[in-house]
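Engineer: This is the content of my_file-v6.txt (compact mmCIF, C-alpha atoms):
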```txt
# COMPACT_ATOMS: atom_id res chain seq x y z
CA MET I 1 173.09 55.61 206.32
CA THR I 2 171.61 52.21 205.44
CA ILE I 3 171.36 50.70 201.98
CA GLU I 4 167.56 50.92 202.17
CA GLN I 5 167.75 54.63 202.90
CA LYS I 6 170.15 55.21 200.01
CA ASN I 7 167.80 53.24 197.76
CA LYS I 8 164.92 55.46 198.86
CA ILE I 9 166.90 58.57 197.89
CA ARG I 10 167.81 57.03 194.53
CA GLU I 11 164.23 56.05 193.75
CA TYR I 12 163.08 59.57 194.50
CA LEU I 13 165.70 61.07 192.18
CA LEU I 14 164.84 58.58 189.44
CA SER I 15 161.22 59.70 189.71
CA LYS I 16 162.52 63.16 188.81
CA LYS I 17 163.90 61.71 185.55
CA LEU I 18 167.51 62.55 186.31
CA PRO I 19 170.01 60.88 183.97
CA VAL I 20 172.42 58.63 185.84
CA ASP I 21 175.49 60.85 185.51
CA LEU I 22 173.56 63.75 187.06
CA LEU I 23 171.77 61.49 189.55
CA MET I 24 175.11 60.38 191.00
CA GLU I 25 176.05 63.98 191.77
CA VAL I 26 172.68 64.93 193.24
CA GLU I 27 172.53 61.73 195.29
CA ASP I 28 175.84 62.62 196.93
CA HIS I 29 174.48 66.08 197.76
CA PHE I 30 171.29 64.57 199.20
CA ILE I 31 173.20 62.13 201.39
CA SER I 32 175.55 64.84 202.67
CA GLN I 33 172.66 67.22 203.34
CA ILE I 34 170.59 64.58 205.14
CA ASN I 35 173.54 63.51 207.31
CA GLU I 36 174.24 67.15 208.15
CA VAL I 37 170.61 67.91 209.03
CA GLN I 38 170.37 64.77 211.18
CA ALA I 39 173.52 65.71 213.07
CA GLU I 40 172.57 69.37 213.59
CA LYS I 41 168.85 69.00 214.37
CA ASN I 42 168.72 65.41 215.69
CA LEU I 43 166.05 64.44 213.14
CA SER I 44 165.08 61.00 211.89
CA PHE I 45 166.07 59.98 208.37
CA ASP I 46 162.56 60.54 207.02
CA ASP I 47 162.33 64.04 208.48
CA ALA I 48 165.80 64.97 207.23
CA PHE I 49 164.94 63.49 203.84
CA ASN I 50 161.85 65.73 203.66
CA VAL I 51 164.02 68.75 204.47
CA ALA I 52 166.29 67.87 201.54
CA ILE I 53 163.31 67.33 199.22
CA ILE I 54 161.90 70.75 200.10
CA SER I 55 165.26 72.49 199.59
CA TRP I 56 165.64 70.89 196.14
CA TYR I 57 161.99 71.31 195.14
CA ASP I 58 162.43 74.17 192.65
CA ASP I 59 165.42 72.53 190.96
CA LEU I 60 163.79 69.11 190.61
CA LYS I 61 160.19 70.09 189.88
CA LEU I 62 159.04 68.48 186.63
CA SER I 63 157.10 70.52 184.10
CA TRP I 64 156.70 70.95 180.35
CA ASP I 65 158.34 74.14 179.12
CA GLY I 66 156.72 74.20 175.69
CA ASN I 67 159.68 72.89 173.70
CA TRP I 68 159.64 70.28 170.92
CA SER I 69 159.99 67.43 173.41
CA LEU I 70 156.71 66.50 175.10
CA GLU I 71 158.52 65.11 178.14
CA ASP I 72 158.43 66.95 181.44
CA THR I 73 161.80 68.16 182.61
CA SER I 74 163.29 70.19 185.44
CA VAL I 75 165.42 73.29 185.83
CA LEU I 76 168.34 71.15 186.99
CA ILE I 77 168.17 68.81 183.99
CA LYS I 78 168.00 71.71 181.53
CA LYS I 79 170.91 73.48 183.23
CA SER I 80 173.01 70.31 183.23
CA THR I 81 172.22 69.64 179.56
CA ARG I 82 173.24 73.18 178.59
CA GLN I 83 176.48 72.84 180.55
CA LYS I 84 177.28 69.69 178.59
CA LEU I 85 176.11 70.87 175.17
CA TYR I 86 177.45 74.43 174.89
CA PRO I 87 181.17 73.60 175.35
CA ILE I 88 180.85 70.90 172.68
CA LEU I 89 179.21 73.31 170.24
CA LYS I 90 181.83 76.00 170.91
CA LYS I 91 184.69 73.57 170.36
CA SER I 92 183.00 72.20 167.24
CA PHE I 93 182.62 75.72 165.85
CA VAL I 94 186.34 76.37 166.30
CA VAL I 95 187.21 73.05 164.64
CA ALA I 96 184.84 73.80 161.73
CA VAL I 97 186.40 77.25 161.17
CA LEU I 98 189.91 75.77 161.21
CA CYS I 99 188.94 72.99 158.80
CA GLN I 100 187.28 75.49 156.49
CA ALA I 101 190.36 77.74 156.54
CA VAL I 102 192.69 74.82 155.81
CA MET I 103 190.43 73.68 152.97
CA ILE I 104 190.42 77.12 151.34
CA LEU I 105 194.19 77.50 151.81
CA PHE I 106 194.85 74.06 150.32
CA TYR I 107 192.45 74.79 147.46
CA SER I 108 194.28 78.03 146.68
CA THR I 109 197.83 76.68 146.79
CA VAL I 110 197.90 73.22 145.21
CA PRO I 111 196.89 71.94 141.75
CA PHE I 112 193.17 71.25 141.59
CA ASN I 113 193.50 67.54 140.76
CA ILE I 114 195.68 66.98 143.82
CA PHE I 115 193.27 68.98 145.96
CA ARG I 116 190.26 67.00 144.76
CA ILE I 117 191.81 63.59 145.50
CA SER I 118 193.31 64.64 148.85
CA PHE I 119 190.16 66.37 149.99
CA GLY I 120 188.01 63.45 148.91
CA ILE I 121 190.10 61.12 151.06
CA LEU I 122 189.82 63.55 154.00
CA ILE I 123 186.03 63.74 153.69
CA LEU I 124 185.83 59.94 153.61
CA LEU I 125 187.99 59.63 156.74
CA ILE I 126 185.90 62.22 158.58
CA MET I 127 182.72 60.33 157.71
CA VAL I 128 184.13 56.93 158.71
CA PHE I 129 185.90 57.99 161.92
CA PRO I 130 182.75 58.05 164.13
CA LEU I 131 181.90 54.56 162.92
CA ILE I 132 185.39 53.35 163.83
CA ILE I 133 184.96 54.80 167.31
CA TYR I 134 181.59 53.07 167.62
CA ILE I 135 182.93 49.66 166.56
CA LYS I 136 185.92 49.97 168.89
CA GLU I 137 183.78 50.99 171.89
CA LYS I 138 180.56 49.20 170.96
CA LYS I 139 179.98 47.72 174.41
CA TYR I 140 179.78 51.21 175.87
CA PHE I 141 177.57 52.63 173.12
CA ASP I 142 175.17 49.70 173.60
CA LEU I 143 174.71 50.34 177.33
CA PRO I 144 171.56 52.50 176.87
CA LYS I 145 169.95 49.45 175.25
CA LYS I 146 170.77 47.38 178.32
CA TYR I 147 169.34 49.97 180.70
CA LYS I 148 166.21 50.94 178.79
CA ASN I 149 164.25 52.20 181.79
CA ILE I 150 166.75 54.91 182.71
CA ARG I 151 168.57 57.66 180.87
CA LEU I 152 172.33 57.52 181.25
CA SER I 153 173.31 61.01 180.12
CA ALA I 154 172.46 63.93 177.85
CA TYR I 155 175.46 62.86 175.78
CA GLN I 156 173.69 59.73 174.58
CA ASP I 157 171.22 61.83 172.57
CA LEU I 158 174.08 63.51 170.69
CA VAL I 159 176.05 60.39 169.83
CA THR I 160 173.11 58.75 168.06
CA VAL I 161 173.30 61.42 165.33
CA PHE I 162 176.34 59.84 163.71
CA PHE I 163 174.23 56.86 162.57
CA ILE I 164 172.30 59.22 160.29
CA LEU I 165 174.87 61.77 159.16
CA PRO I 166 177.46 59.57 157.38
CA MET I 167 174.73 58.00 155.26
CA SER I 168 173.06 61.31 154.45
CA SER I 169 176.45 62.89 153.66
CA GLY I 170 177.26 60.41 150.91
CA TRP I 171 176.29 63.07 148.37
CA LEU I 172 179.10 65.27 149.73
CA PHE I 173 181.73 62.63 149.08
CA ARG I 174 180.42 62.14 145.57
CA PHE I 175 180.32 65.90 145.00
CA VAL I 176 184.04 66.21 145.84
CA PHE I 177 184.97 63.95 142.94
CA GLU I 178 182.58 65.64 140.52
CA MET I 179 183.47 69.24 141.36
CA ASN I 180 185.41 71.53 139.04
CA GLU I 181 187.73 74.48 139.52
CA GLY I 182 186.07 77.55 140.98
CA PHE I 183 183.57 75.61 143.08
CA LEU I 184 184.68 77.52 146.21
CA ASP I 185 184.70 80.92 144.55
CA LEU I 186 182.84 83.29 146.87
CA ASN I 187 182.15 85.66 143.98
CA PHE I 188 179.38 83.32 142.85
CA MET I 189 176.28 82.12 144.68
CA LYS I 190 177.25 78.49 144.06
CA GLY I 191 180.58 79.06 145.77
CA ILE I 192 178.89 80.65 148.79
CA VAL I 193 176.46 77.72 149.09
CA VAL I 194 179.25 75.13 148.75
CA ASN I 195 181.37 76.86 151.40
CA PHE I 196 178.39 76.91 153.76
CA LEU I 197 177.67 73.21 153.18
CA PHE I 198 181.26 72.19 153.88
CA ALA I 199 181.40 74.39 156.99
CA PHE I 200 178.16 72.83 158.24
CA PHE I 201 179.51 69.35 157.51
CA PHE I 202 182.72 70.05 159.47
CA PHE I 203 180.72 71.49 162.36
CA VAL I 204 178.31 68.56 162.67
CA GLU I 205 181.01 65.92 162.30
CA ALA I 206 183.16 67.67 164.91
CA THR I 207 180.15 67.79 167.24
CA ILE I 208 179.54 64.07 166.79
CA ILE I 209 183.17 63.07 167.39
CA ILE I 210 183.58 65.34 170.43
CA ALA I 211 180.24 64.15 171.85
CA GLN I 212 181.35 60.55 171.41
CA GLN I 213 184.52 61.24 173.39
CA LYS I 214 182.56 62.99 176.15
CA TYR I 215 180.04 60.15 176.23
CA LEU I 216 182.79 57.55 176.58
CA GLU I 217 184.46 59.50 179.39
CA MET I 218 181.12 59.75 181.19
CA ILE I 219 179.98 56.17 180.63
CA LYS I 220 183.25 54.64 181.83
CA ASN I 221 182.89 56.61 185.06
CA ILE I 222 179.32 55.48 185.77
CA VAL I 223 179.66 51.78 184.78
CA PRO I 224 180.57 50.65 188.34
CA TYR I 225 177.60 52.61 189.71
CA LEU I 226 175.27 51.09 187.10
CA GLN I 227 176.43 47.56 187.82
CA GLU I 228 176.05 48.05 191.55
CA ASN I 229 172.63 49.71 191.62
CA PHE I 230 170.69 48.78 188.48
CA LYS I 231 169.61 45.60 186.74
CA VAL I 232 170.01 45.06 183.01
CA SER I 233 166.68 45.38 181.15
CA ASN I 234 165.15 42.27 179.61
```
Turn this file's structure into structure tokens for me.
Structural biologist:
Amino acid sequence: MTIEQKNKIREYLLSKKLPVDLLMEVEDHFISQINEVQAEKNLSFDDAFNVAIISWYDDLKLSWDGNWSLEDTSVLIKKSTRQKLYPILKKSFVVAVLCQAVMILFYSTVPFNIFRISFGILILLIMVFPLIIYIKEKKYFDLPKKYKNIRLSAYQDLVTVFFILPMSSGWLFRFVFEMNEGFLDLNFMKGIVVNFLFAFFFFVEATIIIAQQKYLEMIKNIVPYLQENFKVSN
């Protein structure tokens, strides 16, 4: 298959708004299917390409499904996004439950002053860790800015959350140093609310950190493909 033919396949898939990590997979399927159809039915590239387009029509058809985003999307994109998002959320939930259990255990077994200082340091580290990852891997996190006309992955939407959360969670860090004994007591409404807020904080931070790791794994795999097939945006 010629470079021009591969470019034609890629342009078609880009018109279907596929993020690059998904586009790479689908492009391989298209190429294999076209080569197979050409060999079996002795068709030209254009005819075999049309066969592939028809077979993928339902998966790639763009439409608005009534959700909060006004962008058209396809069944394949939604399925791929769910496959990426759900494992992260499940793992984050487990991490949040474990963190919550450790917090309650530590709260119940050590003097309150020691707990308050230790837990305050832990909260600070959790809030700062995503920023450390960003600074360390900044060139990879900045890639969406360099390729503005294409979407790299569903992961890139998740990793942007950590810019907002650490700043908005500053109240939590302050609260840790102003809290008093009994603040986690589930016998009182305040204790129930505080436990919920900490559990939510652990869940969201775990989601951000795990999403960052998944994003970095993905982006490092597609960098050669990006450099070979796409130009940096002005």
Engineer: Between I:Phe201, I:Glu228, I:Glu4, I:Leu105, which one has atoms that come closest to Leu124 of chain I, using only C-alpha atoms?
Structural biologist: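 Among the listed residues, I:Phe201 lies closest to Leu124 of chain I.
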Engineer: Kindly give the distance, in Å, that separates atom CA of Ala206 of chain I and atom CA of Ser92 of chain I, rounded to a single decimal.
Structural biologist: 5.1 Å
Engineer: What's the 12 Å shell around Asp46 of chain I, counting all atoms listed in the file, without same-chain residues fewer than 5 positions away, as a compact mmCIF listing (two decimals) with C-alpha atoms, in the frame of the given file?
Structural biologist:
```txt
# COMPACT_ATOMS: atom_id res chain seq x y z
CA MET I 1 173.09 55.61 206.32
CA GLU I 4 167.56 50.92 202.17
CA GLN I 5 167.75 54.63 202.90
CA LYS I 6 170.15 55.21 200.01
CA LYS I 8 164.92 55.46 198.86
CA ILE I 9 166.90 58.57 197.89
CA ILE I 34 170.59 64.58 205.14
CA ASN I 35 173.54 63.51 207.31
CA VAL I 37 170.61 67.91 209.03
CA GLN I 38 170.37 64.77 211.18
CA VAL I 51 164.02 68.75 204.47
CA ALA I 52 166.29 67.87 201.54
CA ILE I 53 163.31 67.33 199.22
```
Engineer: Could you tell me how far atom CA of His29 of chain I sits from atom CA of Asn50 of chain I, in Å to one decimal place?
Structural biologist: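 That distance, rounded to one decimal, is 13.9 Å.
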Engineer: Using all atoms listed in the file, can you list as a PyMOL selection string the residues within 12 Å of (190.0, 72.2, 163.9)?
Structural biologist: chain I and resi 90-103+199+202-203+205-207+209-210
Engineer: Rank I:Phe106, I:Ile208, I:Ile192, I:Pro111 by their smallest atom-to-atom distance to Leu89 of chain I, using only C-alpha atoms, and report the top residue only.
Structural biologist: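 Distance minimum relative to Leu89 of chain I lands on I:Ile208.
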Engineer: Find the residues around segment 152-160 of chain I up to 10 Å (only C-alpha atoms counted), leave out those fewer than 5 positions away in its own chain, and share them as a ChimeraX atom specification.
Structural biologist: /I:18-23,77-78,80-82,84-85,130,134,141,143-144,147,165,207-216,218-219,222-223,226
